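Source file: input-v2.txt (compact mmCIF, C-alpha atoms)
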```
# COMPACT_ATOMS: atom_id res chain seq x y z
CA MET I 1 301.53 -35.38 4.00
CA PRO I 2 298.58 -36.80 5.91
CA SER I 3 295.50 -34.66 5.86
CA LEU I 4 294.36 -32.67 8.88
CA LYS I 5 291.49 -35.04 9.50
CA ASP I 6 293.75 -38.10 9.55
CA VAL I 7 296.08 -36.56 12.08
CA LYS I 8 293.20 -35.56 14.27
CA ARG I 9 291.77 -39.07 14.20
CA LYS I 10 295.12 -40.52 15.12
CA ILE I 11 295.47 -38.15 18.06
CA GLY I 12 292.08 -39.25 19.31
CA GLY I 13 293.06 -42.91 19.06
CA ILE I 14 296.28 -42.45 20.95
CA LYS I 15 294.50 -40.53 23.68
CA LYS I 16 292.19 -43.47 24.18
CA THR I 17 295.11 -45.87 24.33
CA ARG I 18 296.77 -43.67 26.89
CA GLN I 19 293.68 -43.75 29.03
CA ILE I 20 293.73 -47.55 29.02
CA THR I 21 297.42 -47.86 29.80
CA LYS I 22 297.05 -45.34 32.62
CA ALA I 23 294.15 -47.25 34.12
CA MET I 24 296.01 -50.57 33.85
CA ASN I 25 298.97 -49.01 35.57
CA MET I 26 296.83 -47.95 38.48
CA VAL I 27 295.06 -51.29 38.74
CA ALA I 28 298.43 -53.07 38.76
CA ALA I 29 299.64 -50.72 41.48
CA SER I 30 296.74 -51.52 43.76
CA ARG I 31 297.00 -55.27 43.10
CA LEU I 32 300.70 -55.10 43.81
CA ARG I 33 299.94 -53.57 47.17
CA GLY I 34 297.63 -56.48 47.95
CA CYS I 35 300.32 -58.98 46.97
CA GLN I 36 302.88 -57.24 49.09
CA LEU I 37 300.57 -57.33 52.08
CA ARG I 38 300.12 -61.06 51.61
CA SER I 39 303.88 -61.56 51.38
CA GLU I 40 304.19 -59.53 54.54
CA ALA I 41 301.64 -61.73 56.30
CA PHE I 42 303.50 -64.84 55.22
CA ARG I 43 306.86 -63.70 56.55
CA PRO I 44 306.40 -64.57 60.28
CA TYR I 45 305.33 -68.10 59.33
CA ALA I 46 308.20 -68.59 56.90
CA LYS I 47 310.74 -67.26 59.37
CA LYS I 48 309.67 -69.45 62.27
CA PHE I 49 309.33 -72.43 59.97
CA GLY I 50 312.87 -72.00 58.70
CA GLU I 51 314.24 -71.69 62.23
CA VAL I 52 312.53 -74.82 63.50
CA LEU I 53 313.42 -76.80 60.40
CA GLY I 54 317.06 -75.76 60.60
CA SER I 55 317.49 -76.75 64.21
CA LEU I 56 315.61 -80.01 63.74
CA ALA I 57 317.71 -80.95 60.75
CA GLU I 58 320.77 -80.41 62.86
CA ARG I 59 319.56 -82.71 65.59
CA ALA I 60 317.99 -85.43 63.53
CA GLY I 61 320.82 -85.64 61.02
CA GLU I 62 320.21 -86.06 57.34
CA GLY I 63 319.41 -89.11 55.32
CA SER I 64 316.55 -89.65 57.71
CA SER I 65 313.89 -88.93 55.13
CA PRO I 66 313.41 -90.16 51.56
CA LEU I 67 312.64 -86.57 50.57
CA LEU I 68 316.22 -85.58 51.35
CA ALA I 69 317.93 -88.38 49.44
CA PRO I 70 319.14 -87.49 45.94
CA ARG I 71 318.55 -90.11 43.24
CA GLU I 72 321.63 -91.81 41.87
CA GLU I 73 320.55 -91.44 38.31
CA VAL I 74 318.24 -88.65 37.31
CA GLN I 75 316.17 -89.50 34.28
CA LYS I 76 312.87 -87.81 34.80
CA ALA I 77 312.46 -84.31 36.07
CA ARG I 78 309.49 -82.11 36.64
CA VAL I 79 309.51 -78.35 36.35
CA VAL I 80 306.93 -76.13 37.99
CA ILE I 81 306.65 -72.91 36.00
CA CYS I 82 305.01 -69.94 37.59
CA THR I 83 303.89 -67.36 35.04
CA SER I 84 301.09 -64.88 34.80
CA ASP I 85 297.67 -65.53 33.30
CA ARG I 86 297.62 -62.32 31.35
CA GLY I 87 299.94 -60.50 29.06
CA LEU I 88 300.75 -56.80 28.67
CA CYS I 89 303.50 -56.99 31.24
CA GLY I 90 306.59 -56.51 29.10
CA GLY I 91 309.12 -59.29 28.91
CA PHE I 92 307.96 -60.83 32.17
CA ASN I 93 306.73 -64.18 30.88
CA ALA I 94 309.33 -64.38 28.13
CA ASN I 95 312.04 -64.04 30.77
CA LEU I 96 310.54 -66.88 32.75
CA THR I 97 310.16 -69.25 29.83
CA GLY I 98 313.65 -68.23 28.76
CA ALA I 99 314.93 -69.37 32.14
CA VAL I 100 313.12 -72.68 31.65
CA GLU I 101 314.71 -73.10 28.23
CA ASP I 102 318.14 -72.48 29.72
CA LEU I 103 317.43 -75.07 32.37
CA LEU I 104 316.35 -77.59 29.73
CA GLU I 105 319.47 -77.03 27.67
CA GLY I 106 321.75 -76.94 30.68
CA GLU I 107 321.20 -79.15 33.68
CA LEU I 108 318.27 -81.09 32.36
CA ALA I 109 319.64 -81.73 28.85
CA GLY I 110 318.68 -85.17 27.58
CA LYS I 111 316.28 -85.86 30.40
CA GLU I 112 312.62 -86.56 30.32
CA VAL I 113 310.94 -83.42 31.58
CA SER I 114 307.29 -82.84 32.40
CA PHE I 115 305.71 -79.61 33.51
CA VAL I 116 303.34 -78.23 36.09
CA CYS I 117 302.07 -74.88 34.89
CA PHE I 118 300.85 -72.12 37.12
CA GLY I 119 299.49 -69.43 34.82
CA LYS I 120 298.15 -69.42 31.31
CA LYS I 121 301.27 -68.03 29.68
CA GLY I 122 303.43 -70.87 30.93
CA ARG I 123 300.86 -73.40 29.78
CA ASP I 124 300.69 -71.82 26.34
CA TRP I 125 304.44 -71.98 26.11
CA ALA I 126 304.54 -75.65 27.13
CA ARG I 127 301.86 -76.44 24.56
CA LYS I 128 303.66 -74.65 21.79
CA GLU I 129 306.89 -76.45 22.62
CA LYS I 130 304.99 -79.75 22.72
CA LYS I 131 306.00 -80.54 26.28
CA GLU I 132 304.22 -82.92 28.58
CA ILE I 133 301.97 -81.04 30.98
CA ALA I 134 301.36 -82.96 34.18
CA ALA I 135 299.09 -80.40 35.79
CA ARG I 136 297.90 -76.87 35.19
CA HIS I 137 296.54 -74.30 37.58
CA LEU I 138 294.98 -71.23 36.06
CA GLY I 139 293.63 -68.19 37.82
CA VAL I 140 296.06 -68.51 40.71
CA VAL I 141 298.99 -66.22 40.05
CA GLY I 142 298.25 -62.56 40.46
CA GLY I 143 295.08 -63.04 42.47
CA ARG I 144 294.16 -64.06 45.95
CA PHE I 145 294.87 -67.71 46.57
CA PRO I 146 294.76 -69.80 49.73
CA PHE I 147 297.72 -71.77 51.03
CA ALA I 148 295.78 -74.91 50.15
CA VAL I 149 296.58 -74.33 46.46
CA ALA I 150 300.26 -74.68 47.21
CA SER I 151 299.86 -77.62 49.55
CA LYS I 152 297.71 -79.53 47.08
CA ALA I 153 300.15 -79.01 44.23
CA GLY I 154 303.01 -79.82 46.58
CA GLN I 155 301.34 -83.03 47.70
CA GLU I 156 301.05 -84.16 44.09
CA LEU I 157 304.71 -83.44 43.50
CA ILE I 158 305.72 -85.35 46.61
CA SER I 159 303.70 -88.40 45.72
CA ALA I 160 305.13 -88.36 42.19
CA PHE I 161 308.61 -88.11 43.68
CA LEU I 162 308.09 -90.88 46.21
CA SER I 163 306.53 -93.25 43.69
CA GLY I 164 309.61 -92.78 41.51
CA SER I 165 307.79 -91.30 38.52
CA VAL I 166 310.00 -88.22 38.81
CA ASP I 167 313.53 -87.97 40.19
CA GLU I 168 313.88 -84.23 40.59
CA VAL I 169 311.55 -81.28 40.89
CA TYR I 170 312.41 -77.69 40.06
CA VAL I 171 310.42 -74.52 40.52
CA VAL I 172 310.90 -71.57 38.19
CA TYR I 173 309.49 -68.30 39.44
CA ALA I 174 310.07 -64.55 39.29
CA GLU I 175 311.69 -63.15 42.37
CA PHE I 176 310.56 -59.69 43.34
CA ARG I 177 313.74 -57.70 43.94
CA SER I 178 312.40 -54.21 43.44
CA MET I 179 309.78 -52.32 41.49
CA SER I 180 311.98 -52.32 38.43
CA ARG I 181 313.75 -55.66 38.86
CA GLN I 182 312.15 -59.06 38.77
CA VAL I 183 314.57 -61.91 38.31
CA PRO I 184 313.67 -65.40 37.12
CA VAL I 185 314.89 -67.93 39.67
CA VAL I 186 315.31 -71.68 39.30
CA GLN I 187 315.07 -73.59 42.54
CA LYS I 188 315.32 -77.27 43.24
CA VAL I 189 312.63 -78.36 45.68
CA LEU I 190 312.89 -82.16 45.51
CA PRO I 191 315.00 -83.88 46.66
CA ILE I 192 315.18 -81.21 49.33
CA PRO I 193 318.64 -79.65 49.20
CA PRO I 194 320.66 -79.74 52.44
CA ILE I 195 319.01 -77.43 54.92
CA PRO I 196 321.22 -74.60 56.15
CA LYS I 197 321.99 -75.23 59.79
CA GLU I 198 321.18 -72.69 62.44
CA GLY I 199 324.22 -70.46 62.46
CA THR I 200 325.11 -69.34 65.95
CA GLU I 201 326.19 -71.90 68.50
CA GLU I 202 324.32 -70.20 71.24
CA LYS I 203 321.09 -70.68 69.40
CA ALA I 204 321.82 -74.30 68.55
CA GLY I 205 322.44 -75.04 72.19
CA PHE I 206 319.21 -73.35 73.07
CA MET I 207 317.19 -75.46 70.70
CA ALA I 208 319.00 -78.62 71.71
CA GLU I 209 317.22 -78.50 75.03
CA HIS I 210 313.85 -78.92 73.42
CA LEU I 211 311.91 -82.03 74.11
CA CYS I 212 310.45 -83.41 70.95
CA GLU I 213 307.20 -85.17 70.65
CA PRO I 214 307.29 -87.45 68.66
CA SER I 215 311.06 -87.86 68.15
CA ALA I 216 313.13 -85.23 66.37
CA SER I 217 313.45 -87.31 63.22
CA ALA I 218 309.72 -88.03 63.13
CA LEU I 219 309.04 -84.33 63.55
CA LEU I 220 311.44 -83.57 60.75
CA GLY I 221 309.68 -86.15 58.61
CA SER I 222 306.37 -84.37 59.06
CA LEU I 223 307.86 -80.93 58.49
CA LEU I 224 309.75 -81.69 55.30
CA PRO I 225 306.70 -82.07 53.06
CA LYS I 226 305.45 -78.78 54.47
CA ASN I 227 308.74 -77.23 53.46
CA VAL I 228 307.86 -78.04 49.84
CA PHE I 229 304.46 -76.35 50.24
CA VAL I 230 306.08 -73.32 51.81
CA GLN I 231 308.51 -73.04 48.89
CA ILE I 232 305.73 -73.27 46.33
CA TYR I 233 303.57 -70.77 48.18
CA LYS I 234 306.48 -68.39 48.35
CA ALA I 235 307.18 -68.84 44.63
CA LEU I 236 303.56 -68.05 43.82
CA LEU I 237 303.50 -64.97 46.04
CA GLU I 238 306.72 -63.67 44.54
CA THR I 239 305.54 -64.30 41.00
CA SER I 240 302.28 -62.49 41.67
CA ALA I 241 304.01 -59.44 43.06
CA SER I 242 306.50 -59.50 40.19
CA GLU I 243 303.76 -59.77 37.60
CA HIS I 244 302.04 -56.65 38.86
CA ALA I 245 305.30 -54.76 39.18
CA ALA I 246 306.27 -55.76 35.63
CA ARG I 247 302.88 -54.68 34.34
CA MET I 248 303.16 -51.36 36.15
CA THR I 249 306.51 -50.67 34.52
CA ALA I 250 305.29 -51.77 31.10
CA MET I 251 302.18 -49.62 31.33
CA ASP I 252 304.16 -46.67 32.60
CA ASN I 253 306.41 -46.93 29.56
CA ALA I 254 303.41 -47.24 27.28
CA THR I 255 301.84 -44.12 28.77
CA LYS I 256 305.10 -42.24 28.25
CA ALA I 257 305.30 -43.42 24.65
CA CYS I 258 301.72 -42.23 24.13
CA ASN I 259 302.62 -38.80 25.50
CA ASP I 260 305.61 -38.54 23.17
CA MET I 261 303.54 -39.51 20.16
CA LEU I 262 300.83 -37.06 21.11
CA ASP I 263 303.36 -34.25 21.34
CA GLU I 264 304.72 -35.05 17.91
CA LEU I 265 301.33 -35.42 16.31
CA THR I 266 299.99 -32.24 17.89
CA LEU I 267 302.97 -30.38 16.46
CA ALA I 268 302.37 -31.87 13.03
CA TYR I 269 298.68 -31.05 13.27
CA ASN I 270 299.32 -27.45 14.21
CA LYS I 271 301.85 -27.06 11.44
CA ALA I 272 299.47 -28.46 8.89
CA ARG I 273 296.68 -26.23 10.15
CA GLN I 274 298.91 -23.18 10.03
CA ALA I 275 300.02 -24.05 6.49
CA ALA I 276 296.40 -24.37 5.40
CA ILE I 277 295.50 -21.00 6.89
CA THR I 278 298.50 -19.32 5.26
CA LYS I 279 297.57 -20.84 1.95
CA GLU I 280 293.99 -19.62 2.19
CA LEU I 281 295.17 -16.17 3.13
CA MET I 282 297.50 -16.08 0.15
CA ASP I 283 294.59 -17.06 -2.08
CA ILE I 284 292.35 -14.30 -0.70
CA VAL I 285 295.07 -11.66 -0.93
CA GLY I 286 295.93 -12.85 -4.44
CA GLY I 287 292.25 -12.64 -5.45
CA ALA I 288 291.84 -9.14 -4.04
CA GLU I 289 294.98 -7.95 -5.81
CA ALA I 290 293.67 -9.37 -9.07
CA LEU I 291 290.30 -7.57 -8.70
CA LYS I 292 292.01 -4.24 -7.99
CA GLY I 293 294.15 -4.62 -11.08
CA MET M 1 293.74 -61.24 87.43
CA ALA M 2 297.14 -62.69 86.84
CA ASP M 3 300.38 -60.93 87.50
CA LYS M 4 302.12 -59.65 84.39
CA THR M 5 305.05 -62.02 84.94
CA ASP M 6 302.77 -65.06 84.89
CA LEU M 7 301.68 -64.49 81.33
CA ILE M 8 302.80 -66.45 78.29
CA HIS M 9 302.92 -64.91 74.86
CA LEU M 10 300.80 -66.98 72.49
CA GLU M 11 301.17 -66.71 68.75
CA VAL M 12 299.13 -68.63 66.22
CA VAL M 13 300.55 -68.08 62.76
CA THR M 14 299.32 -69.36 59.40
CA PRO M 15 300.87 -68.67 56.00
CA GLU M 16 298.05 -66.25 55.29
CA LYS M 17 297.94 -64.29 58.50
CA THR M 18 298.71 -64.09 62.17
CA VAL M 19 295.57 -65.32 63.86
CA VAL M 20 296.43 -64.74 67.52
CA SER M 21 299.19 -62.73 69.09
CA GLU M 22 298.54 -61.89 72.71
CA ASP M 23 299.57 -62.54 76.31
CA VAL M 24 297.64 -65.34 77.93
CA GLN M 25 297.53 -67.26 81.21
CA THR M 26 297.28 -70.87 80.08
CA VAL M 27 297.27 -72.76 76.80
CA VAL M 28 295.95 -76.25 76.04
CA GLY M 29 296.87 -77.60 72.63
CA PRO M 30 295.93 -80.66 70.56
CA GLY M 31 299.31 -82.43 70.35
CA SER M 32 299.53 -85.43 68.06
CA GLU M 33 300.56 -87.60 71.03
CA GLY M 34 297.81 -86.24 73.23
CA GLU M 35 296.69 -82.90 74.56
CA PHE M 36 299.21 -80.79 76.40
CA GLY M 37 298.77 -77.92 78.77
CA VAL M 38 301.19 -75.02 79.14
CA LEU M 39 301.70 -72.69 82.05
CA THR M 40 304.47 -70.15 82.31
CA GLY M 41 307.91 -71.69 82.80
CA HIS M 42 307.19 -74.79 80.72
CA THR M 43 310.18 -76.87 79.53
CA PRO M 44 311.01 -76.01 75.92
CA PHE M 45 309.46 -78.51 73.58
CA LEU M 46 308.31 -79.07 70.06
CA THR M 47 305.36 -81.12 68.96
CA THR M 48 303.23 -81.75 65.94
CA LEU M 49 299.56 -80.92 66.25
CA LYS M 50 296.55 -82.77 64.98
CA ILE M 51 293.31 -81.27 63.78
CA GLY M 52 291.54 -79.94 66.83
CA SER M 53 291.02 -76.97 69.06
CA LEU M 54 293.54 -74.92 70.93
CA ARG M 55 292.12 -73.44 74.12
CA TYR M 56 293.57 -70.64 76.15
CA LYS M 57 292.68 -68.31 79.00
CA ASP M 58 293.34 -64.74 78.04
CA LYS M 59 294.66 -61.95 80.22
CA GLY M 60 291.28 -61.29 81.80
CA GLY M 61 290.68 -65.00 82.46
CA ALA M 62 288.13 -65.54 79.67
CA ASP M 63 288.26 -68.86 77.82
CA ARG M 64 289.08 -68.65 74.12
CA CYS M 65 289.11 -71.28 71.44
CA VAL M 66 290.98 -71.48 68.14
CA PHE M 67 290.45 -74.11 65.49
CA ILE M 68 293.77 -75.62 64.37
CA ASN M 69 294.08 -77.52 61.12
CA GLY M 70 297.19 -79.50 62.05
CA GLY M 71 300.67 -78.07 62.17
CA PHE M 72 303.21 -77.85 64.94
CA ALA M 73 303.92 -75.89 68.07
CA GLU M 74 307.03 -74.67 69.77
CA VAL M 75 306.78 -74.13 73.50
CA LEU M 76 309.28 -71.96 75.38
CA PRO M 77 309.11 -70.91 79.03
CA ARG M 78 307.40 -67.62 78.16
CA LYS M 79 306.24 -68.15 74.66
CA VAL M 80 304.10 -70.54 72.65
CA THR M 81 304.26 -70.41 68.86
CA VAL M 82 301.80 -72.41 66.82
CA LEU M 83 302.39 -72.82 63.10
CA ALA M 84 299.27 -74.14 61.42
CA GLU M 85 298.35 -74.51 57.79
CA SER M 86 295.12 -72.82 58.63
CA ALA M 87 293.50 -71.68 61.84
CA GLU M 88 290.60 -69.53 62.85
CA ARG M 89 289.17 -68.13 66.04
CA ARG M 90 285.97 -69.71 67.17
CA ARG M 91 283.85 -66.71 66.25
CA ASP M 92 285.32 -66.63 62.73
CA ILE M 93 284.29 -70.18 61.85
CA ASP M 94 282.22 -70.31 58.70
CA LEU M 95 279.30 -72.53 59.71
CA THR M 96 277.71 -72.99 56.31
CA ARG M 97 281.03 -73.92 54.78
CA ALA M 98 281.77 -76.43 57.51
CA LYS M 99 278.32 -77.99 57.13
CA ALA M 100 278.77 -78.27 53.37
CA ALA M 101 282.19 -79.86 53.88
CA LEU M 102 280.69 -82.37 56.31
CA GLU M 103 278.00 -83.37 53.81
CA ARG M 104 280.56 -83.69 51.04
CA ALA M 105 282.82 -85.89 53.11
CA LYS M 106 279.96 -88.11 54.23
CA LYS M 107 278.73 -88.54 50.69
CA ARG M 108 282.19 -89.47 49.57
CA LEU M 109 282.41 -92.12 52.27
CA GLU M 110 279.07 -93.58 51.21
CA THR M 111 279.87 -93.84 47.53
CA LYS M 112 283.15 -95.63 48.33
CA GLY M 113 284.81 -95.70 44.95
CA ASP M 114 288.01 -97.65 44.43
CA ASP M 115 289.97 -94.45 44.24
CA LEU M 116 288.75 -93.27 47.63
CA ASP M 117 291.60 -91.53 49.40
CA TYR M 118 290.54 -92.60 52.85
CA GLU M 119 292.98 -90.44 54.71
CA ARG M 120 291.92 -87.28 52.96
CA VAL M 121 288.23 -87.90 53.48
CA HIS M 122 288.87 -88.73 57.10
CA ASP M 123 290.75 -85.49 57.56
CA SER M 124 288.11 -83.34 55.95
CA LEU M 125 285.42 -85.09 57.99
CA LEU M 126 287.35 -84.44 61.16
CA ARG M 127 287.94 -80.81 60.22
CA ALA M 128 284.27 -80.21 59.57
CA GLN M 129 283.17 -81.94 62.76
CA THR M 130 285.67 -80.07 64.90
CA ARG M 131 284.63 -76.76 63.41
CA LEU M 132 280.96 -77.50 63.95
CA SER M 133 281.36 -78.63 67.53
CA LEU M 134 283.44 -75.56 68.29
CA ALA M 135 280.85 -73.27 66.79
CA GLU M 136 278.13 -75.05 68.76
CA SER M 137 280.03 -74.68 72.01
CA ARG M 138 280.20 -70.98 71.28
CA ALA M 139 276.45 -70.80 70.75
CA ARG M 140 275.93 -72.65 74.04
CA SER M 141 278.18 -70.36 76.02
CA ALA M 142 276.40 -67.37 74.52
CA MET M 143 273.06 -68.72 75.73
CA GLN M 144 274.15 -68.99 79.32
```

Please, can you express the file's structure as structure tokens?
Amino acid sequence: MPSLKDVKRKIGGIKKTRQITKAMNMVAASRLRGCQLRSEAFRPYAKKFGEVLGSLAERAGEGSSPLLAPREEVQKARVVICTSDRGLCGGFNANLTGAVEDLLEGELAGKEVSFVCFGKKGRDWARKEKKEIAARHLGVVGGRFPFAVASKAGQELISAFLSGSVDEVYVVYAEFRSMSRQVPVVQKVLPIPPIPKEGTEEKAGFMAEHLCEPSASALLGSLLPKNVFVQIYKALLETSASEHAARMTAMDNATKACNDMLDELTLAYNKARQAAITKELMDIVGGAEALKG
Amino acid sequence: MADKTDLIHLEVVTPEKTVVSEDVQTVVGPGSEGEFGVLTGHTPFLTTLKIGSLRYKDKGGADRCVFINGGFAEVLPRKVTVLAESAERRRDIDLTRAKAALERAKKRLETKGDDLDYERVHDSLLRAQTRLSLAESRARSAMQ
């Protein structure tokens, strides 16, 4: 039976922990809002970009750019892992690195794989597993970052791909499905997978009237690298939002656990206090009885 | 004052935000094959843009300028959409940053290492110069 003082100290400690987890929950909530606003701001660009790219791809035909051509034999691959810089967000980073491990054992088994790490947790993982790290970018995920971060990283990937030092590039990121669901997603960015064509015929006919300056295939050639940047930027935005959502959930659970423990401990404390009082009373009554005798 | 039907809807969108979204009278853009002007009823066309300034006359007939850091534009009879990696209105240009970028680029050209990425330095030089000249033109028009 722990003494009264011990229980009291423990209650105090847990209260402090609860204060921290509550505060972290609120901070994550406000950061999440910021991330969602940025995703919102990105949507018009992404939408228009996809439309134009789709209709151009249809007109120019494929095989027109080296970025579209798959390599015959894939020996070297590069994986871009987007993780958070900080922990205390539940299984968020473990899920992401788990997805990378699956990728390594599955599609990329027996290939030479190097990594580009966004986020400290991904870098730590790559270090621990003794993987080759081609580039690392810390302090990006979860904060405010300009598009230039994505385009710079994308440019490096493209030059590595074109020079033949890598044959395939994958991006692993956490897709933000809802507040309680963030799913690790593996996406191939290079060679660029076949672009979905604009669906409706009416629309295709509409775009077909466009004059292009320079030619459609030259335009496509200049848009394709940007497509890689757009994908990376999107992956980073999604991962940031997911990180904050995951942290909110984790901190919410921690706060709940603190409340449960506090309830239990308060009960134990009160019981112990009551027992002590009863015992003292018994002693006093016993003493008085003895004196009377 | 132009008739409502003569207006074109201009949108300048970057990944980070929508910079311009309004009805305008005319647009002149920095196409990679030369400048192009757009009035309402223009043939649909697509073009890449180089680093430069996009000028337009707004509803009231005032001249406006937007700095465009490359990208592409889609022109439709009643709508112009510009997708740029970054863009800012003339009044939002950060002068000190542009000046610092200009100095940096110049210094890099002078030192001329073997690993000089000429294209990149050229681009950043051009960006800085365009920004500065735009900002200066704003100061001039304010004086008059």

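For Leu102 in chain M, the residues within 9 Å (counting only C-alpha atoms, excluding itself and residues fewer than 6 positions away along the chain) are Ser124, Leu125, Leu126, Arg127, Ala128 and Gln129 of chain M.
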
Residues of chain M within 8 Å of chain I, counting all atoms listed in the file, as a list of chain:residue names
M:Val13, M:Thr14, M:Pro15, M:Glu16, M:Lys17, M:Thr18, M:Glu33, M:Thr43, M:Pro44, M:Phe45, M:Leu46, M:Thr47, M:Thr48, M:Leu83, M:Glu85

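CA of Ser55 in chain I sits 26.3 Å away from CA of Gly52 in chain M.
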
As a PyMOL selection string, please: the residues near Ile93 in chain M (cut-off 10 Å, only C-alpha atoms, same-chain neighbours under 2 positions excluded).
chain M and resi 66-67+87-91+95-98+131-132+134-135

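Coordinates place CA of Val82 in chain M at a distance of 17.8 Å from CA of Asp63 in chain M.
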
* Leu49 in chain M: which residues within 7 Å, counting all atoms listed in the file, same-chain residues fewer than 5 positions away excluded, as a PyMOL selection string? -> chain M and resi 30-32+70-73

Save the residues we just selected, C-alpha atoms, as a compact mmCIF listing (two decimals), in the coordinates of the input?
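Saved to again-v2.txt:
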```txt
# COMPACT_ATOMS: atom_id res chain seq x y z
CA PRO M 30 295.93 -80.66 70.56
CA GLY M 31 299.31 -82.43 70.35
CA SER M 32 299.53 -85.43 68.06
CA GLY M 70 297.19 -79.50 62.05
CA GLY M 71 300.67 -78.07 62.17
CA PHE M 72 303.21 -77.85 64.94
CA ALA M 73 303.92 -75.89 68.07
```

Take range 115-131 of chain I, bring it up to N, CA and C atoms, and give me the output as a tab-separated table (two decimals), keeping the file's coordinate frame.
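This is the output file out-v1.tsv:
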```tsv
chain	number	residue	atom	x	y	z
I	115	PHE	N	305.92	-80.94	32.96
I	115	PHE	CA	305.71	-79.61	33.51
I	115	PHE	C	304.45	-79.50	34.34
I	116	VAL	N	304.53	-78.66	35.37
I	116	VAL	CA	303.34	-78.23	36.09
I	116	VAL	C	303.26	-76.73	35.85
I	117	CYS	N	302.15	-76.29	35.29
I	117	CYS	CA	302.07	-74.88	34.89
I	117	CYS	C	301.14	-74.11	35.79
I	118	PHE	N	301.67	-73.11	36.44
I	118	PHE	CA	300.85	-72.12	37.12
I	118	PHE	C	300.78	-70.93	36.17
I	119	GLY	N	299.60	-70.58	35.72
I	119	GLY	CA	299.49	-69.43	34.82
I	119	GLY	C	299.34	-69.86	33.38
I	120	LYS	N	298.50	-69.09	32.68
I	120	LYS	CA	298.15	-69.42	31.31
I	120	LYS	C	299.34	-69.29	30.37
I	121	LYS	N	300.17	-68.29	30.62
I	121	LYS	CA	301.27	-68.03	29.68
I	121	LYS	C	302.27	-69.18	29.67
I	122	GLY	N	302.52	-69.74	30.85
I	122	GLY	CA	303.43	-70.87	30.93
I	122	GLY	C	302.83	-72.10	30.24
I	123	ARG	N	301.53	-72.27	30.41
I	123	ARG	CA	300.86	-73.40	29.78
I	123	ARG	C	300.92	-73.26	28.26
I	124	ASP	N	300.64	-72.05	27.78
I	124	ASP	CA	300.69	-71.82	26.34
I	124	ASP	C	302.07	-72.13	25.79
I	125	TRP	N	303.07	-71.74	26.54
I	125	TRP	CA	304.44	-71.98	26.11
I	125	TRP	C	304.70	-73.49	26.03
I	126	ALA	N	304.30	-74.21	27.09
I	126	ALA	CA	304.54	-75.65	27.13
I	126	ALA	C	303.81	-76.35	25.98
I	127	ARG	N	302.63	-75.85	25.67
I	127	ARG	CA	301.86	-76.44	24.56
I	127	ARG	C	302.56	-76.22	23.24
I	128	LYS	N	303.02	-75.01	23.06
I	128	LYS	CA	303.66	-74.65	21.79
I	128	LYS	C	304.93	-75.47	21.59
I	129	GLU	N	305.63	-75.70	22.70
I	129	GLU	CA	306.89	-76.45	22.62
I	129	GLU	C	306.64	-77.96	22.64
I	130	LYS	N	305.37	-78.33	22.69
I	130	LYS	CA	304.99	-79.75	22.72
I	130	LYS	C	305.62	-80.49	23.90
I	131	LYS	N	305.49	-79.90	25.07
I	131	LYS	CA	306.00	-80.54	26.28
I	131	LYS	C	304.86	-81.27	26.98
```
